[in-house]
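The block underneath contains the structure these notes are about, expressed in structure tokens.
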Amino acid sequence: MHARVIRYLNEVVRSGSIRAASEKLHVAPSAISRQIKALEDELGTPVFNRGSRDLTLTSAGELLLVHVRQTLREESRTRAQIEDLKGLRRGSVSLAIMSGLAGNIVPRSLIAFRKANPRAELKVKLLPTDEAILDSVASGDADFGIGFDFPERFGMRVMSTALAQLGAIMSASHPLSQRSSVRLSECLDFPLILADETLVIRPYLDRAIAQLRGHPQVMMETNSIEIMRSMAIGSEGITFLTKFDVERELQNDTLKYVPVQELIEHSQRLMVVRSERYPNALANVYFEGLQNILTKS
């Protein structure tokens with residue numbers, strides 16, 4: 001239906017008469033009547049009961065009004081999103097992420113986005129578990145959730161995935177740092193900095209280590225990837241992370257990533273998810289930039 005007749009119909013219902021709607025819209029009553037009559041002819045049924053003094057909707061008119069008001073809400077929402085994109089209003093982007101992503105790809109993507117959208121407000125929450133991140137997205141607190149190996153969840157849409165290979169992470173001066181690959185048994189000759197049971201990395205490691213005869217020297221167990229990175233930089237300890245977790249440290253050569261032969265087949269998926277609700281226009285712009293970074297990483 002045309003936008004004009006939708007507005008006419010909505011205002012007639014709100015005002016209670018064609019004359020009152022005419023005064024509100026600054027449109028001649030005859031013009032409103034013609035539009036509504038043409039709509040009724042197209043539908044093949046009356047929209048209003050005209051037998052009484054008050055103008056009331058027919059059953060068909062009641063059904064039509066639901067569509068009309070939904071259409072007007074959709075139009076209002078779309079206009080608001082376009083205004084956000086044009087930079088005429090201040091918008092916001094909110095993320096819920098795993099802590100390990102706070103020092104690398106996510107900040108880089110946010111910096112690039114903020115430069116291009118200087119009026120945007122950014123909100124980032126570090127959450128400890130998959131469920132906490134998905135809950136934040138589902139409730140609308142976050143536009144996107146970013147993390148590894150999210151479980152399937154009703155109402156959640158996977159926007160992007162990128163494979164991330166677990167490897168041995170060690171300082172640039174570590175005895176194994178110049179190797180093209182290592183065996184897990186060689187890593188066990190050094191103290192290990194392990195993800196604890198709350199992180200999705202741990203099951204991969206436990207299965208691989210269980211197949212070895214040696215016993216690991218565990219220096220530390222933690223749910224903080226930031227601590228894992230720092231401990232690896234400042235000691236001979238080895239931790240196990242993906243390149244996404246240590247992107248900045250690899251660039252400044254404070255850490256080295258060495259593939260582990262037993263973990264080659266164990267890839268994690270870096271995932272970006274959002275709910276099926278209506279997307280935030282500025283958040284979609286942010287996602288486009290993040291996707292470009294992930295593609296190049």
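We name chains A, B, ... following the order of the structure tokens; residues begin at 1 in each chain, and ligands are numbered from 1 as shown.
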Among range 75-296 of chain A, which residues carry a DSSP assignment of helix (DSSP H, G or I), reported as a PyMOL selection string? chain A and resi 75-86+99-103+105-116+130-139+184-187+201-210+225-233+243-251+261-263+281-296
Check range 121-165 of chain A with DSSP on the backbone and list each residue it calls strand (DSSP E or B), as a VMD selection string. chain A and resid 121 to 126 144 to 148 156 to 165
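Closest approach to Pro107 in chain A among A:Ile227, A:Val124, A:Met220, A:Leu212: A:Val124, based on only C-alpha atoms.
Between Leu199 in chain A and the candidates A:Leu126, A:Arg69, A:Ser99, A:Glu23, the tightest atom-to-atom separation, counting only C-alpha atoms, involves A:Ser99.
Of the residues under consideration (A:Arg34, A:Ile193, A:Tyr8, A:Leu294), A:Tyr8 shows the shortest atom-to-atom contact distance to Ser22 in chain A when counting only C-alpha atoms.
Taking only C-alpha atoms into account, Asn284 in chain A lies nearest to A:Ser92 out of the set A:Ser92, A:Asp253, A:Leu166, A:Ile36.
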Between A:Pro216, A:Pro118, A:Gly167, A:Pro29, which has the minimum distance to Val12 in chain A (counting only C-alpha atoms)? A:Pro29
As a list in words, please: the residues near Arg14 in chain A (cut-off 12 Å, only C-alpha atoms, same-chain neighbours under 4 positions excluded). Arg7, Tyr8, Leu9, Asn10, Ile18, Arg19, Ala20, Ala21, Ser22, Lys24, Leu25, Leu55, Thr56, Leu57, Leu65 and Arg69 of chain A
Those residues you just picked out, can you put them in a file as a PDB file, in the first residue's frame with N, CA and C atoms?
ATOM      1  N   ARG A   7      -1.009   6.583   6.126  1.00  0.00           N
ATOM      2  CA  ARG A   7      -1.063   7.668   7.112  1.00  0.00           C
ATOM      3  C   ARG A   7      -2.476   8.204   7.270  1.00  0.00           C
ATOM      4  N   TYR A   8      -3.181   8.313   6.163  1.00  0.00           N
ATOM      5  CA  TYR A   8      -4.562   8.790   6.233  1.00  0.00           C
ATOM      6  C   TYR A   8      -5.403   7.854   7.095  1.00  0.00           C
ATOM      7  N   LEU A   9      -5.292   6.568   6.820  1.00  0.00           N
ATOM      8  CA  LEU A   9      -6.101   5.592   7.542  1.00  0.00           C
ATOM      9  C   LEU A   9      -5.769   5.611   9.040  1.00  0.00           C
ATOM     10  N   ASN A  10      -4.505   5.654   9.359  1.00  0.00           N
ATOM     11  CA  ASN A  10      -4.089   5.659  10.763  1.00  0.00           C
ATOM     12  C   ASN A  10      -4.620   6.893  11.487  1.00  0.00           C
ATOM     13  N   ILE A  18     -13.028  11.653   9.540  1.00  0.00           N
ATOM     14  CA  ILE A  18     -12.246  12.146   8.404  1.00  0.00           C
ATOM     15  C   ILE A  18     -11.982  13.643   8.561  1.00  0.00           C
ATOM     16  N   ARG A  19     -12.974  14.389   9.081  1.00  0.00           N
ATOM     17  CA  ARG A  19     -12.797  15.833   9.230  1.00  0.00           C
ATOM     18  C   ARG A  19     -11.692  16.140  10.252  1.00  0.00           C
ATOM     19  N   ALA A  20     -11.697  15.425  11.361  1.00  0.00           N
ATOM     20  CA  ALA A  20     -10.666  15.664  12.374  1.00  0.00           C
ATOM     21  C   ALA A  20      -9.287  15.281  11.837  1.00  0.00           C
ATOM     22  N   ALA A  21      -9.223  14.177  11.102  1.00  0.00           N
ATOM     23  CA  ALA A  21      -7.953  13.770  10.491  1.00  0.00           C
ATOM     24  C   ALA A  21      -7.494  14.796   9.479  1.00  0.00           C
ATOM     25  N   SER A  22      -8.445  15.398   8.743  1.00  0.00           N
ATOM     26  CA  SER A  22      -8.123  16.421   7.753  1.00  0.00           C
ATOM     27  C   SER A  22      -7.439  17.609   8.414  1.00  0.00           C
ATOM     28  N   LYS A  24      -5.826  17.607  11.254  1.00  0.00           N
ATOM     29  CA  LYS A  24      -4.527  17.178  11.802  1.00  0.00           C
ATOM     30  C   LYS A  24      -3.461  17.089  10.715  1.00  0.00           C
ATOM     31  N   LEU A  25      -3.871  16.568   9.561  1.00  0.00           N
ATOM     32  CA  LEU A  25      -2.913  16.326   8.471  1.00  0.00           C
ATOM     33  C   LEU A  25      -2.787  17.494   7.507  1.00  0.00           C
ATOM     34  N   LEU A  55     -17.350   6.933  13.116  1.00  0.00           N
ATOM     35  CA  LEU A  55     -16.674   6.147  12.084  1.00  0.00           C
ATOM     36  C   LEU A  55     -15.904   5.024  12.767  1.00  0.00           C
ATOM     37  N   THR A  56     -16.366   3.794  12.610  1.00  0.00           N
ATOM     38  CA  THR A  56     -15.712   2.654  13.259  1.00  0.00           C
ATOM     39  C   THR A  56     -15.203   1.685  12.219  1.00  0.00           C
ATOM     40  N   LEU A  57     -14.203   0.911  12.614  1.00  0.00           N
ATOM     41  CA  LEU A  57     -13.588  -0.053  11.698  1.00  0.00           C
ATOM     42  C   LEU A  57     -14.440  -1.304  11.562  1.00  0.00           C
ATOM     43  N   LEU A  65      -5.627  -2.377  10.187  1.00  0.00           N
ATOM     44  CA  LEU A  65      -4.990  -1.420  11.091  1.00  0.00           C
ATOM     45  C   LEU A  65      -3.739  -2.013  11.740  1.00  0.00           C
ATOM     46  N   ARG A  69      -0.167  -0.042  11.357  1.00  0.00           N
ATOM     47  CA  ARG A  69       0.651   0.453  12.474  1.00  0.00           C
ATOM     48  C   ARG A  69       1.995  -0.265  12.560  1.00  0.00           C
TER      49      ARG A  69
END
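Nearest residue to Gln165 in chain A among A:Leu241, A:Ile233, A:Leu192, A:Ala132 is A:Leu241, counting only C-alpha atoms.
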Neighbour list for Ser230 in chain A as an NGL selection string, cut-off 12 Å, only C-alpha atoms, skip fewer than 2 positions in-chain: :A and (100 or 103 or 169-171 or 193 or 220 or 222 or 224-228 or 232-239 or 246 or 249 or 254-255)
With C-alpha atoms kept, could you save the residues just selected as a CSV table (one decimal), in the first residue's frame?
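Writing the result to result.csv gives the following:
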chain,number,residue,atom,x,y,z
A,100,GLY,CA,41.2,-12.8,25.7
A,103,GLY,CA,43.9,-6.8,23.9
A,169,ILE,CA,52.7,-19.6,22.9
A,170,MET,CA,56.1,-18.6,24.4
A,171,SER,CA,58.5,-15.7,24.8
A,193,ILE,CA,50.5,-22.0,32.0
A,220,MET,CA,49.7,-21.8,36.7
A,222,THR,CA,43.9,-19.3,35.2
A,224,SER,CA,42.6,-14.9,32.4
A,225,ILE,CA,44.2,-14.9,28.9
A,226,GLU,CA,45.8,-11.6,29.8
A,227,ILE,CA,47.7,-13.3,32.6
A,228,MET,CA,48.6,-16.3,30.4
A,232,ALA,CA,54.6,-16.4,28.9
A,233,ILE,CA,56.4,-13.2,28.1
A,234,GLY,CA,58.2,-13.1,31.5
A,235,SER,CA,59.2,-16.7,32.0
A,236,GLU,CA,60.2,-19.9,30.2
A,237,GLY,CA,56.6,-21.1,30.6
A,238,ILE,CA,54.5,-22.2,27.6
A,239,THR,CA,50.8,-21.6,27.2
A,246,VAL,CA,48.1,-12.9,20.9
A,249,GLU,CA,52.3,-9.6,20.9
A,254,THR,CA,57.3,-10.3,22.4
A,255,LEU,CA,55.6,-13.7,21.9
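Our summary of the geometry notes that CA of Thr58 in chain A is positioned 26.5 Å from CA of Ser76 in chain A.
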Residues within 12 Å of Thr161 in chain A, please, as JSON, numbers by chain. Count only C-alpha atoms; anything in the same chain fewer than 2 positions from it doesn't count. {"A": [145, 146, 147, 148, 149, 150, 157, 158, 159, 163, 164, 267, 268, 269, 270, 271, 272, 273, 290, 291, 294, 295]}
For a test of reading the model, state the distance in Å between CA of Leu95 in chain A and CA of Leu122 in chain A, rounded to one decimal. 8.2 Å
